[in-house]
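Visitor: My structure file my_file.csv, CSV, C-alpha atoms and all ligand atoms, is below:
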```
chain,number,residue,atom,x,y,z
A,1,MET,CA,-121.4,-115.9,140.9
A,2,LYS,CA,-122.9,-112.4,141.3
A,3,ALA,CA,-126.4,-111.9,140.0
A,4,TYR,CA,-126.3,-108.1,140.4
A,5,TYR,CA,-124.2,-105.2,139.1
A,6,GLY,CA,-125.0,-102.6,141.6
A,7,GLU,CA,-128.8,-102.2,141.5
A,8,PHE,CA,-129.0,-103.8,138.0
A,9,GLY,CA,-129.3,-107.4,136.9
A,10,GLY,CA,-131.2,-110.1,138.9
A,11,GLN,CA,-133.5,-112.9,137.9
A,12,TYR,CA,-137.0,-111.4,137.5
A,13,VAL,CA,-138.5,-114.6,136.0
A,14,PRO,CA,-141.5,-116.9,136.6
A,15,GLU,CA,-140.9,-119.7,139.1
A,16,THR,CA,-140.9,-122.2,136.2
A,17,LEU,CA,-137.8,-120.6,134.7
A,18,MET,CA,-135.7,-121.0,137.8
A,19,PRO,CA,-134.7,-124.7,137.4
A,20,PRO,CA,-133.0,-124.3,134.0
A,21,LEU,CA,-131.4,-121.1,135.1
A,22,MET,CA,-130.0,-122.8,138.2
A,23,GLU,CA,-128.9,-125.8,136.2
A,24,LEU,CA,-127.1,-123.5,133.8
A,25,GLU,CA,-125.3,-121.7,136.6
A,26,GLU,CA,-124.1,-125.0,138.1
A,27,ALA,CA,-122.9,-126.1,134.7
A,28,MET,CA,-120.9,-122.9,134.4
A,29,ASP,CA,-119.2,-123.6,137.7
A,30,VAL,CA,-118.3,-127.1,136.7
A,31,HIS,CA,-117.2,-126.6,133.0
A,32,LEU,CA,-116.0,-123.1,132.5
A,33,ALA,CA,-113.0,-123.5,134.8
A,34,ASP,CA,-112.2,-127.0,133.2
A,35,GLN,CA,-109.1,-127.3,131.1
A,36,THR,CA,-110.7,-129.7,128.6
A,37,PHE,CA,-113.6,-127.3,128.0
A,38,GLN,CA,-111.3,-124.3,127.6
A,39,SER,CA,-109.0,-126.1,125.1
A,40,GLU,CA,-111.9,-127.5,123.1
A,41,LEU,CA,-113.4,-123.9,122.9
A,42,SER,CA,-110.0,-122.4,121.9
A,43,ASP,CA,-109.7,-125.0,119.2
A,44,LEU,CA,-113.1,-124.1,117.8
A,45,LEU,CA,-112.5,-120.4,118.1
A,46,ASN,CA,-109.1,-120.6,116.4
A,47,ASN,CA,-109.6,-123.2,113.8
A,48,TYR,CA,-113.3,-122.9,113.0
A,49,ALA,CA,-114.3,-119.3,113.7
A,50,GLY,CA,-110.9,-117.6,112.8
A,51,ARG,CA,-109.5,-116.3,116.0
A,52,PRO,CA,-107.4,-114.4,116.9
A,53,THR,CA,-108.7,-111.5,114.9
A,54,PRO,CA,-106.3,-108.8,113.7
A,55,LEU,CA,-105.9,-105.4,115.1
A,56,THR,CA,-105.8,-103.3,111.9
A,57,LEU,CA,-104.1,-99.9,111.8
A,58,CYS,CA,-106.0,-97.5,109.6
A,59,PRO,CA,-103.5,-95.1,108.2
A,60,THR,CA,-105.8,-93.0,105.9
A,61,LEU,CA,-108.7,-92.9,108.4
A,62,SER,CA,-106.2,-91.8,111.2
A,63,LYS,CA,-104.9,-89.0,109.0
A,64,GLU,CA,-108.4,-87.8,108.3
A,65,LEU,CA,-109.5,-87.9,111.9
A,66,GLY,CA,-106.3,-86.6,113.5
A,67,PHE,CA,-105.6,-89.5,115.9
A,68,THR,CA,-104.6,-93.1,115.5
A,69,VAL,CA,-107.4,-95.6,114.9
A,70,ARG,CA,-107.0,-99.4,115.0
A,71,LEU,CA,-109.9,-101.8,114.4
A,72,LYS,CA,-110.5,-105.0,116.3
A,73,ARG,CA,-111.6,-107.1,113.4
A,74,GLU,CA,-114.5,-109.2,114.6
A,75,ASP,CA,-115.9,-108.7,111.1
A,76,LEU,CA,-113.5,-111.3,109.8
A,77,LEU,CA,-114.9,-114.1,111.9
A,78,HIS,CA,-117.0,-117.0,110.4
A,79,THR,CA,-120.6,-115.8,109.9
A,80,GLY,CA,-119.3,-112.2,109.9
A,81,SER,CA,-119.5,-110.9,113.4
A,82,HIS,CA,-118.6,-111.4,117.1
A,83,LYS,CA,-121.8,-113.4,117.7
A,84,ILE,CA,-120.0,-116.7,116.9
A,85,ASN,CA,-117.8,-116.2,120.0
A,86,ASN,CA,-120.8,-116.5,122.3
A,87,ALA,CA,-122.7,-119.1,120.2
A,88,LEU,CA,-119.7,-121.5,120.2
A,89,GLY,CA,-119.1,-121.1,123.9
A,90,GLN,CA,-122.8,-121.7,124.8
A,91,ALA,CA,-123.2,-124.6,122.3
A,92,LEU,CA,-120.1,-126.4,123.7
A,93,LEU,CA,-121.5,-125.8,127.3
A,94,ALA,CA,-124.9,-127.2,126.2
A,95,GLN,CA,-123.2,-130.3,124.8
A,96,LYS,CA,-121.4,-130.9,128.1
A,97,MET,CA,-124.7,-130.5,129.9
A,98,GLY,CA,-126.1,-133.3,127.8
A,99,LYS,CA,-128.5,-131.1,125.9
A,100,THR,CA,-129.4,-132.0,122.3
A,101,GLU,CA,-131.1,-128.9,121.1
A,102,LEU,CA,-130.4,-125.1,121.1
A,103,VAL,CA,-133.2,-122.6,121.1
A,104,ALA,CA,-132.4,-118.9,120.3
A,105,GLU,CA,-134.1,-115.6,119.5
A,106,THR,CA,-133.0,-113.5,116.6
A,107,GLY,CA,-133.9,-110.0,115.4
A,108,ALA,CA,-132.0,-109.3,112.2
A,109,GLY,CA,-131.0,-113.0,112.0
A,110,GLN,CA,-127.3,-112.6,112.8
A,111,HIS,CA,-127.5,-114.4,116.1
A,112,GLY,CA,-129.9,-117.0,114.6
A,113,VAL,CA,-127.4,-117.7,111.8
A,114,ALA,CA,-124.5,-118.0,114.3
A,115,VAL,CA,-126.6,-120.5,116.4
A,116,ALA,CA,-127.7,-122.5,113.4
A,117,THR,CA,-124.0,-122.7,112.3
A,118,VAL,CA,-122.6,-123.9,115.6
A,119,ALA,CA,-125.5,-126.3,116.1
A,120,ALA,CA,-124.7,-127.9,112.7
A,121,ARG,CA,-121.0,-128.1,113.6
A,122,LEU,CA,-121.6,-129.7,117.1
A,123,GLY,CA,-124.4,-132.0,116.0
A,124,LEU,CA,-127.2,-130.3,117.9
A,125,SER,CA,-130.6,-129.4,116.5
A,126,ALA,CA,-131.6,-125.7,116.5
A,127,THR,CA,-134.9,-123.9,116.8
A,128,ILE,CA,-134.8,-120.1,116.1
A,129,PHE,CA,-137.7,-117.8,117.1
A,130,MET,CA,-138.0,-114.7,115.0
A,131,GLY,CA,-140.8,-112.1,114.8
A,132,SER,CA,-142.9,-112.4,111.6
A,133,VAL,CA,-142.0,-108.8,110.7
A,134,ASP,CA,-138.3,-109.7,110.9
A,135,VAL,CA,-138.9,-113.0,108.9
A,136,GLU,CA,-140.2,-110.8,106.1
A,137,ARG,CA,-137.5,-108.2,106.4
A,138,GLN,CA,-134.6,-110.6,106.7
A,139,ARG,CA,-135.5,-113.3,104.1
A,140,MET,CA,-131.9,-114.2,103.3
A,141,ASN,CA,-130.9,-115.0,106.9
A,142,VAL,CA,-134.1,-117.1,107.2
A,143,GLU,CA,-132.9,-119.1,104.2
A,144,ARG,CA,-129.4,-119.4,105.6
A,145,MET,CA,-130.7,-120.8,108.9
A,146,ARG,CA,-132.9,-123.3,107.0
A,147,LEU,CA,-130.0,-124.4,104.8
A,148,LEU,CA,-127.9,-125.0,108.0
A,149,GLY,CA,-130.6,-127.3,109.2
A,150,ALA,CA,-132.3,-125.1,111.8
A,151,LYS,CA,-136.1,-124.7,112.3
A,152,VAL,CA,-137.3,-121.1,112.1
A,153,GLU,CA,-140.4,-120.3,114.1
A,154,SER,CA,-142.2,-117.1,113.1
A,155,VAL,CA,-143.7,-115.2,116.0
A,156,SER,CA,-146.8,-113.3,114.9
A,157,HIS,CA,-148.1,-111.7,118.1
A,158,GLY,CA,-147.1,-108.6,120.1
A,159,THR,CA,-144.6,-106.4,118.2
A,160,GLN,CA,-143.8,-109.4,115.9
A,161,THR,CA,-140.1,-108.5,116.4
A,162,LEU,CA,-137.2,-109.3,118.7
A,163,LYS,CA,-138.9,-108.5,122.0
A,164,ASP,CA,-141.6,-111.1,121.4
A,165,ALA,CA,-139.2,-113.6,119.8
A,166,ILE,CA,-137.4,-113.6,123.2
A,167,ASN,CA,-140.6,-114.2,125.1
A,168,GLU,CA,-141.4,-117.2,122.9
A,169,ALA,CA,-137.9,-118.7,123.1
A,170,LEU,CA,-138.1,-118.4,126.9
A,171,ARG,CA,-141.5,-120.2,126.9
A,172,TYR,CA,-140.1,-123.0,124.7
A,173,TRP,CA,-137.2,-123.4,127.1
A,174,ILE,CA,-139.5,-123.7,130.1
A,175,VAL,CA,-141.5,-126.5,128.4
A,176,ASN,CA,-138.4,-128.4,127.0
A,177,GLN,CA,-135.8,-127.7,129.6
A,178,LYS,CA,-134.7,-131.4,129.9
A,179,THR,CA,-133.2,-131.5,126.3
A,180,VAL,CA,-132.9,-127.8,125.4
A,181,HIS,CA,-130.4,-125.0,126.2
A,182,TYR,CA,-131.4,-121.4,125.5
A,183,CYS,CA,-128.5,-119.8,123.7
A,184,PHE,CA,-129.2,-116.2,124.5
A,185,GLY,CA,-127.6,-113.8,122.1
A,186,THR,CA,-126.3,-110.8,124.1
A,187,ALA,CA,-125.0,-109.9,127.5
A,188,ALA,CA,-128.5,-109.2,128.9
A,189,GLY,CA,-131.4,-111.2,130.3
A,190,PRO,CA,-131.7,-113.0,133.6
A,191,HIS,CA,-128.7,-114.0,135.6
A,192,PRO,CA,-126.5,-115.9,134.7
A,193,PHE,CA,-126.7,-114.9,131.0
A,194,PRO,CA,-125.0,-111.5,131.4
A,195,SER,CA,-121.9,-113.0,133.0
A,196,LEU,CA,-122.0,-116.1,130.7
A,197,VAL,CA,-122.0,-114.0,127.5
A,198,ARG,CA,-119.5,-111.5,128.9
A,199,GLY,CA,-117.1,-114.3,129.6
A,200,PHE,CA,-117.3,-115.6,126.0
A,201,GLN,CA,-117.0,-112.2,124.5
A,202,SER,CA,-114.1,-111.0,126.7
A,203,ILE,CA,-111.7,-112.7,124.4
A,204,ILE,CA,-112.0,-109.5,122.2
A,205,SER,CA,-110.3,-107.3,124.9
A,206,LEU,CA,-108.0,-110.1,126.0
A,207,GLU,CA,-106.5,-110.3,122.5
A,208,ALA,CA,-106.6,-106.6,122.0
A,209,ARG,CA,-104.8,-105.8,125.2
A,210,ASP,CA,-102.0,-108.2,124.4
A,211,ALA,CA,-101.8,-106.9,120.8
A,212,TYR,CA,-101.5,-103.3,122.0
A,213,GLN,CA,-98.7,-104.3,124.4
A,214,LYS,CA,-96.8,-105.9,121.5
A,215,ILE,CA,-97.4,-103.1,119.0
A,216,ILE,CA,-97.1,-99.9,121.1
A,217,GLY,CA,-96.0,-101.2,124.5
A,218,ARG,CA,-99.1,-99.9,126.3
A,219,SER,CA,-102.9,-99.9,126.3
A,220,PRO,CA,-104.9,-97.7,123.9
A,221,ASP,CA,-106.1,-94.3,125.3
A,222,MET,CA,-109.7,-95.0,124.2
A,223,VAL,CA,-111.9,-98.0,123.2
A,224,VAL,CA,-115.2,-97.3,121.3
A,225,ALA,CA,-117.9,-99.9,120.7
A,226,ALA,CA,-121.5,-99.9,119.6
A,227,VAL,CA,-124.1,-100.9,122.2
A,228,GLY,CA,-127.2,-102.9,121.4
A,229,GLY,CA,-127.8,-105.6,124.0
A,230,GLY,CA,-124.2,-104.9,125.0
A,231,SER,CA,-122.2,-108.0,124.1
A,232,ASN,CA,-119.5,-106.8,121.7
A,233,SER,CA,-119.0,-103.7,123.8
A,234,ILE,CA,-118.6,-105.5,127.1
A,235,GLY,CA,-116.3,-107.9,125.4
A,236,ALA,CA,-114.2,-105.1,124.0
A,237,PHE,CA,-114.2,-103.3,127.4
A,238,ALA,CA,-113.7,-106.2,129.9
A,239,HIS,CA,-110.0,-106.4,130.2
A,240,PHE,CA,-109.6,-102.6,130.0
A,241,ILE,CA,-112.0,-101.8,132.8
A,242,PRO,CA,-109.3,-102.1,135.5
A,243,LEU,CA,-106.8,-100.0,133.5
A,244,VAL,CA,-106.7,-96.3,132.7
A,245,VAL,CA,-108.5,-96.4,129.4
A,246,ASP,CA,-111.4,-94.1,128.3
A,247,LEU,CA,-114.2,-96.5,127.4
A,248,VAL,CA,-117.1,-95.2,125.2
A,249,GLY,CA,-120.2,-97.1,124.4
A,250,VAL,CA,-122.3,-95.7,121.5
A,251,GLU,CA,-126.1,-96.1,121.5
A,252,ALA,CA,-128.3,-95.6,118.5
A,253,ALA,CA,-130.3,-92.4,118.5
A,254,GLY,CA,-132.5,-93.4,115.6
A,255,THR,CA,-133.4,-90.6,113.1
A,256,GLY,CA,-132.2,-88.1,115.8
A,257,GLU,CA,-135.4,-86.0,115.5
A,258,GLU,CA,-137.1,-84.7,118.6
A,259,GLY,CA,-139.4,-87.4,120.0
A,260,CYS,CA,-138.3,-90.1,117.5
A,261,TYR,CA,-138.0,-93.7,118.5
A,262,ASN,CA,-134.4,-94.7,119.3
A,263,SER,CA,-132.4,-97.6,120.8
A,264,ALA,CA,-130.7,-95.6,123.6
A,265,PRO,CA,-131.9,-96.8,126.9
A,266,ILE,CA,-128.9,-95.6,128.9
A,267,ASN,CA,-129.1,-92.1,127.5
A,268,LEU,CA,-132.9,-91.8,127.1
A,269,GLY,CA,-134.5,-94.5,129.4
A,270,ARG,CA,-134.8,-95.1,133.1
A,271,PRO,CA,-134.5,-98.3,135.2
A,272,GLY,CA,-137.1,-100.9,134.6
A,273,ILE,CA,-137.6,-104.7,134.2
A,274,LEU,CA,-137.7,-106.6,130.9
A,275,HIS,CA,-136.7,-110.1,130.0
A,276,GLY,CA,-135.8,-111.1,133.5
A,277,GLN,CA,-133.4,-108.2,134.2
A,278,ARG,CA,-133.5,-104.8,135.9
A,279,SER,CA,-131.6,-102.4,133.7
A,280,MET,CA,-132.1,-99.1,131.8
A,281,LEU,CA,-135.2,-99.4,129.7
A,282,LEU,CA,-137.1,-97.3,127.1
A,283,GLN,CA,-140.5,-96.9,128.6
A,284,THR,CA,-143.5,-94.5,128.9
A,285,ALA,CA,-144.3,-92.5,132.1
A,286,SER,CA,-146.5,-95.4,133.2
A,287,GLY,CA,-143.8,-98.1,132.5
A,288,GLN,CA,-145.0,-99.5,129.2
A,289,VAL,CA,-142.0,-100.7,127.1
A,290,LEU,CA,-141.5,-98.3,124.2
A,291,PRO,CA,-140.7,-99.7,120.7
A,292,SER,CA,-137.1,-99.1,119.8
A,293,HIS,CA,-135.8,-98.0,116.4
A,294,SER,CA,-132.4,-97.9,114.7
A,295,ILE,CA,-131.2,-98.1,111.1
A,296,SER,CA,-129.3,-101.1,112.2
A,297,ALA,CA,-131.5,-104.0,113.3
A,298,GLY,CA,-128.7,-105.4,115.6
A,299,LEU,CA,-129.0,-102.3,117.9
A,300,ASP,CA,-132.8,-102.4,117.9
A,301,TYR,CA,-133.5,-103.3,121.5
A,302,PRO,CA,-135.3,-101.3,124.2
A,303,SER,CA,-133.0,-102.3,127.0
A,304,VAL,CA,-129.3,-103.1,127.6
A,305,GLY,CA,-127.2,-105.5,129.6
A,306,PRO,CA,-127.2,-104.7,133.3
A,307,GLU,CA,-123.4,-104.3,133.6
A,308,HIS,CA,-123.6,-101.4,131.2
A,309,SER,CA,-126.3,-99.7,133.3
A,310,TYR,CA,-124.0,-100.2,136.3
A,311,LEU,CA,-120.8,-99.0,134.5
A,312,HIS,CA,-122.8,-95.9,133.5
A,313,SER,CA,-124.1,-95.3,137.0
A,314,ILE,CA,-120.6,-95.3,138.5
A,315,GLY,CA,-119.2,-93.2,135.6
A,316,ARG,CA,-116.6,-95.8,134.5
A,317,VAL,CA,-117.9,-95.9,130.9
A,318,ARG,CA,-119.3,-93.0,128.9
A,319,TYR,CA,-122.3,-93.7,126.7
A,320,GLY,CA,-122.6,-91.5,123.6
A,321,LEU,CA,-125.1,-91.3,120.8
A,322,ALA,CA,-125.0,-91.6,117.1
A,323,ASN,CA,-128.0,-91.2,114.8
A,324,ASP,CA,-128.8,-93.0,111.6
A,325,ARG,CA,-127.1,-90.3,109.5
A,326,GLU,CA,-123.9,-90.3,111.6
A,327,ALA,CA,-123.8,-94.1,111.3
A,328,LEU,CA,-124.1,-93.9,107.5
A,329,GLU,CA,-121.2,-91.3,107.5
A,330,GLY,CA,-119.1,-93.7,109.6
A,331,PHE,CA,-119.9,-96.5,107.1
A,332,SER,CA,-119.0,-94.4,104.1
A,333,LEU,CA,-115.7,-93.0,105.6
A,334,LEU,CA,-114.4,-96.4,106.5
A,335,ALA,CA,-115.3,-97.8,103.1
A,336,ARG,CA,-113.5,-95.0,101.3
A,337,THR,CA,-110.5,-94.7,103.4
A,338,GLU,CA,-109.6,-98.3,104.3
A,339,GLY,CA,-111.5,-100.5,101.9
A,340,ILE,CA,-113.6,-102.1,104.6
A,341,LEU,CA,-117.5,-102.2,104.5
A,342,PRO,CA,-118.5,-102.2,108.2
A,343,ALA,CA,-121.9,-103.4,109.5
A,344,LEU,CA,-124.2,-100.6,110.4
A,345,GLU,CA,-123.9,-101.4,114.2
A,346,PRO,CA,-120.2,-100.5,114.5
A,347,SER,CA,-120.7,-97.7,112.0
A,348,HIS,CA,-122.4,-95.9,114.9
A,349,ALA,CA,-119.1,-96.1,116.8
A,350,LEU,CA,-117.3,-94.7,113.7
A,351,GLY,CA,-120.0,-92.0,113.4
A,352,TRP,CA,-119.5,-91.0,117.0
A,353,LEU,CA,-115.8,-90.6,116.4
A,354,ILE,CA,-116.4,-88.3,113.4
A,355,THR,CA,-118.8,-86.1,115.4
A,356,ASN,CA,-116.5,-86.0,118.4
A,357,GLN,CA,-113.2,-85.7,116.4
A,358,ALA,CA,-112.3,-82.3,117.8
A,359,LYS,CA,-112.5,-83.4,121.4
A,360,ILE,CA,-110.0,-86.3,121.0
A,361,PRO,CA,-106.4,-85.2,121.5
A,362,PRO,CA,-104.1,-85.7,118.4
A,363,ARG,CA,-101.9,-88.7,118.7
A,364,SER,CA,-104.4,-90.5,120.8
A,365,GLU,CA,-104.5,-94.3,120.3
A,366,VAL,CA,-108.2,-95.2,119.7
A,367,MET,CA,-109.5,-98.8,119.3
A,368,VAL,CA,-112.8,-99.3,117.6
A,369,CYS,CA,-114.5,-102.7,117.9
A,370,LEU,CA,-115.5,-103.6,114.4
A,371,SER,CA,-118.2,-106.0,115.5
A,372,GLY,CA,-119.3,-107.1,112.0
A,373,ARG,CA,-119.1,-106.8,108.3
A,374,GLY,CA,-121.4,-104.7,106.2
A,375,ASP,CA,-122.6,-107.1,103.5
A,376,LYS,CA,-125.9,-107.8,105.3
A,377,ASP,CA,-126.6,-104.1,105.3
A,378,LEU,CA,-126.0,-103.1,101.7
A,379,ASP,CA,-129.8,-102.8,100.8
A,380,ILE,CA,-130.3,-100.4,103.7
A,381,VAL,CA,-127.2,-98.3,102.9
A,382,LEU,CA,-128.1,-98.1,99.2
A,383,SER,CA,-131.6,-96.9,100.0
A,384,HIS,CA,-130.0,-94.0,102.1
A,385,LEU,CA,-127.3,-93.0,99.7
A,386,ASP,CA,-128.5,-89.4,99.6
A,387,ALA,CA,-127.8,-89.1,103.3
A,388,ILE,CA,-124.1,-89.9,102.8
A,389,LYS,CA,-122.0,-86.8,102.1
A,390,ASN,CA,-119.0,-87.5,99.9
B,1,LIG,C1,-125.9,-108.1,117.0
B,1,LIG,C2,-124.9,-107.2,116.6
B,1,LIG,C3,-124.5,-106.1,117.4
B,1,LIG,C4,-125.3,-105.7,118.7
B,1,LIG,O1,-125.3,-106.6,119.7
B,1,LIG,P1,-124.4,-106.4,121.0
B,1,LIG,O2,-124.9,-107.5,121.9
B,1,LIG,O3,-124.7,-105.1,121.6
B,1,LIG,O4,-123.0,-106.6,120.6
B,1,LIG,C5,-123.5,-105.3,117.1
B,1,LIG,N1,-122.8,-105.5,115.9
B,1,LIG,C6,-123.1,-106.5,115.1
B,1,LIG,C7,-122.3,-106.7,113.9
B,1,LIG,C8,-124.1,-107.4,115.4
B,1,LIG,O5,-124.4,-108.4,114.6
```
Can the structure from this file be put into structure tokens for me?
Ligand SMILES: *Cc1c(COP(=O)(O)O)cnc(C)c1O
Guide:
Amino acid sequence: MKAYYGEFGGQYVPETLMPPLMELEEAMDVHLADQTFQSELSDLLNNYAGRPTPLTLCPTLSKELGFTVRLKREDLLHTGSHKINNALGQALLAQKMGKTELVAETGAGQHGVAVATVAARLGLSATIFMGSVDVERQRMNVERMRLLGAKVESVSHGTQTLKDAINEALRYWIVNQKTVHYCFGTAAGPHPFPSLVRGFQSIISLEARDAYQKIIGRSPDMVVAAVGGGSNSIGAFAHFIPLVVDLVGVEAAGTGEEGCYNSAPINLGRPGILHGQRSMLLQTASGQVLPSHSISAGLDYPSVGPEHSYLHSIGRVRYGLANDREALEGFSLLARTEGILPALEPSHALGWLITNQAKIPPRSEVMVCLSGRGDKDLDIVLSHLDAIKN
């Protein structure tokens, strides 16, 4: 299994983290290719999570934008986003490894809820680390996790957000590695997590490629997805990478003002090391990690999975930007034209399409990965209503 994507990736971790990472890699070799594992996972994905997800044609939105838009509906999955694809895969793998507990980090709480959910379903216990600032900001998701039987540990040092929650979860894993699996939430972190998570999220483009074949007899011209850590996007791109398809990842530009904090390490960062990986990273001239910002908590991460840094470096995927206002416009447009409230993360992909509308040839077939539903974001959207032009 390859640990590097070009110059990116690797395992920049303390010695004490190597045994569980190696155990995980060995378990992947044994179980992922196994028929029983794959059929148990398919059963959970289909009959518990709700796969396959539809590819929804958007007639009114398409008319307004001047090209054909279809949405890959990850928002319709159990718990409301693509995160369950990865959580189910890793939980099942942990069970096969004889682990009894899942540990996970969460920022907005979406990954924490997905892990608490699959832990309950598979009879595992769950411990979720969350920055104390996020515990305050995301009270409902904290309550959801507790109702599902998970323990939520508030992290009150450092930035008190996602970055430090990850550090704490890694420490917990080191200490309890005999019984615990670390269910990392995105296609980043030390090898083998980027390839593990990519594998579980690739179902998005596998289904989409087949659906496009059936519906229009060919692949789409363009696939657009929002990039946080990079899991829904790499999943939406994976099976299209070898084909002639224009792939666009959209990073969050924050408020878009000069010098503002953002969550766009590919566009605005440079290579560096964080959480065990070498990848594009938001940092100061002296290499201090910069705080990130986005209107959507799920994109709020100062780095990105290493494969994205690589795909950018070889020019295979384009990485665009959408700021908070553009994301809100994307949200509003989809709500009004198609009756779907998207999460603020994929709203960045929609916002990028609106801004770049004139550059996309008419009659193009464009797929947008609708990674999640918008219910979780209504408070934020309502507090910014004045920014949405109607
Ligand atoms: C977490 C999240 C994201 C961002 O994470 P990726 O790993 O980049 O996919 C995007 N959309 C939704 C709905 C999320 O919950």
Visitor: Show me, as JSON, numbers by chain, the residues that have an atom within 10 Å of Gly109 in chain A when counting all atoms listed in the file, minus same-chain residues fewer than 3 positions from it.
Guide: {"A": [105, 106, 112, 113, 114, 115, 128, 129, 130, 134, 135, 137, 138, 139, 140, 141, 142, 144, 145, 162, 297, 298, 376]}
Visitor: So that I have them on file, write out the residues from the current selection with C-alpha atoms, as a compact mmCIF listing (two decimals), in the coordinates of the input.
Guide:
```txt
# COMPACT_ATOMS: atom_id res chain seq x y z
CA GLU A 105 -134.10 -115.60 119.50
CA THR A 106 -133.00 -113.50 116.60
CA GLY A 112 -129.90 -117.00 114.60
CA VAL A 113 -127.40 -117.70 111.80
CA ALA A 114 -124.50 -118.00 114.30
CA VAL A 115 -126.60 -120.50 116.40
CA ILE A 128 -134.80 -120.10 116.10
CA PHE A 129 -137.70 -117.80 117.10
CA MET A 130 -138.00 -114.70 115.00
CA ASP A 134 -138.30 -109.70 110.90
CA VAL A 135 -138.90 -113.00 108.90
CA ARG A 137 -137.50 -108.20 106.40
CA GLN A 138 -134.60 -110.60 106.70
CA ARG A 139 -135.50 -113.30 104.10
CA MET A 140 -131.90 -114.20 103.30
CA ASN A 141 -130.90 -115.00 106.90
CA VAL A 142 -134.10 -117.10 107.20
CA ARG A 144 -129.40 -119.40 105.60
CA MET A 145 -130.70 -120.80 108.90
CA LEU A 162 -137.20 -109.30 118.70
CA ALA A 297 -131.50 -104.00 113.30
CA GLY A 298 -128.70 -105.40 115.60
CA LYS A 376 -125.90 -107.80 105.30
```
Visitor: Can you tell me how far CA of Arg73 in chain A sits from CA of Gly249 in chain A, in Å to one decimal?
Guide: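 Separation between CA of Arg73 in chain A and CA of Gly249 in chain A: 17.2 Å.
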Visitor: Please compute the atom C8 of ligand LIG 1 (chain B)-CA of Thr337 in chain A distance, one decimal, in Å.
Guide: 22.1 Å
Visitor: Could you tell me which of A:Thr100, A:Gln177, A:Asn232, A:Asn85 comes closest to ligand LIG 1 (chain B) if we count all atoms listed in the file?
Guide: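 Nearest to ligand LIG 1 (chain B): A:Asn232.
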Visitor: As a quick test: using all atoms listed in the file, which residues lie no more than 6 Å away from ligand LIG 1 (chain B)? Give them as a PyMOL selection string.
Guide: chain A and resi 81+110+186+227-233+298-299+343+345-346+371-372
Visitor: Just the number, please: distance in Å from CA of Gln357 in chain A to CA of Leu344 in chain A, one decimal.
Guide: 19.5 Å
Visitor: Considering only C-alpha atoms, can you say which of A:Ala94, A:Leu124, A:Leu274, A:Leu77 comes closest to Ile166 in chain A?
Guide: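 Using only C-alpha atoms, Ile166 in chain A sits closest to A:Leu274.
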Visitor: If we count all atoms listed in the file and set the cut-off at 12 Å, which residues sit around Ser263 in chain A, ignoring sequence neighbours fewer than 3 positions away in its own chain? Please answer as an NGL selection string.
Guide: :A and (226-230 or 250-256 or 260 or 266-269 or 280-283 or 289-304 or 320-324 or 345 or 348)
Visitor: Taking all atoms listed in the file into account, which of A:Leu243, A:Val197, A:Leu333, A:Leu382 comes nearest Met28 in chain A?
Guide: A:Val197
Visitor: Given all atoms listed in the file as the basis, pick out the residue of A:Leu32, A:Cys58, A:Ala49, A:Leu65 nearest to Pro362 in chain A.
Guide: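 Of A:Leu32, A:Cys58, A:Ala49, A:Leu65, the one nearest Pro362 in chain A is A:Leu65, counting all atoms listed in the file.
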Visitor: Quick one: of A:Ser313, A:Ser195, A:Ser286, A:Ser62, who's nearest to Tyr4 in chain A, counting all atoms listed in the file?
Guide: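 Once distances to Tyr4 in chain A are computed over all atoms listed in the file, the minimum belongs to A:Ser195.
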Visitor: So that I can see what lies close to range 36-48 of chain A, please list as a PyMOL selection string the residues with an atom at most 12 Å from it, counting only C-alpha atoms and leaving out residues fewer than 3 positions away in the same chain.
Guide: chain A and resi 27-33+51-53+74+77-79+82-97+117-118+121-122+199-201+203-204
Visitor: Need to verify the contact set: range 222-225 of chain A, 9 Å, all atoms listed in the file, exclusion of same-chain residues closer than 3 positions in sequence. Can you return it as an mmCIF file with C-alpha atoms, keeping the file's coordinate frame?
Guide:
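The result, written out as result37.cif:
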```cif
data_model
loop_
_atom_site.group_PDB
_atom_site.id
_atom_site.type_symbol
_atom_site.label_atom_id
_atom_site.label_comp_id
_atom_site.auth_asym_id
_atom_site.auth_seq_id
_atom_site.Cartn_x
_atom_site.Cartn_y
_atom_site.Cartn_z
ATOM 1 C CA SER A 219 -102.900 -99.900 126.300
ATOM 2 C CA ASN A 232 -119.500 -106.800 121.700
ATOM 3 C CA SER A 233 -119.000 -103.700 123.800
ATOM 4 C CA ILE A 234 -118.600 -105.500 127.100
ATOM 5 C CA ALA A 236 -114.200 -105.100 124.000
ATOM 6 C CA PHE A 237 -114.200 -103.300 127.400
ATOM 7 C CA PHE A 240 -109.600 -102.600 130.000
ATOM 8 C CA VAL A 245 -108.500 -96.400 129.400
ATOM 9 C CA ASP A 246 -111.400 -94.100 128.300
ATOM 10 C CA LEU A 247 -114.200 -96.500 127.400
ATOM 11 C CA VAL A 248 -117.100 -95.200 125.200
ATOM 12 C CA GLY A 249 -120.200 -97.100 124.400
ATOM 13 C CA VAL A 250 -122.300 -95.700 121.500
ATOM 14 C CA GLU A 345 -123.900 -101.400 114.200
ATOM 15 C CA PRO A 346 -120.200 -100.500 114.500
ATOM 16 C CA HIS A 348 -122.400 -95.900 114.900
ATOM 17 C CA ALA A 349 -119.100 -96.100 116.800
ATOM 18 C CA LEU A 350 -117.300 -94.700 113.700
ATOM 19 C CA TRP A 352 -119.500 -91.000 117.000
ATOM 20 C CA LEU A 353 -115.800 -90.600 116.400
ATOM 21 C CA SER A 364 -104.400 -90.500 120.800
ATOM 22 C CA GLU A 365 -104.500 -94.300 120.300
ATOM 23 C CA VAL A 366 -108.200 -95.200 119.700
ATOM 24 C CA MET A 367 -109.500 -98.800 119.300
ATOM 25 C CA VAL A 368 -112.800 -99.300 117.600
ATOM 26 C CA CYS A 369 -114.500 -102.700 117.900
ATOM 27 C CA LEU A 370 -115.500 -103.600 114.400
ATOM 28 C CA SER A 371 -118.200 -106.000 115.500
#
```
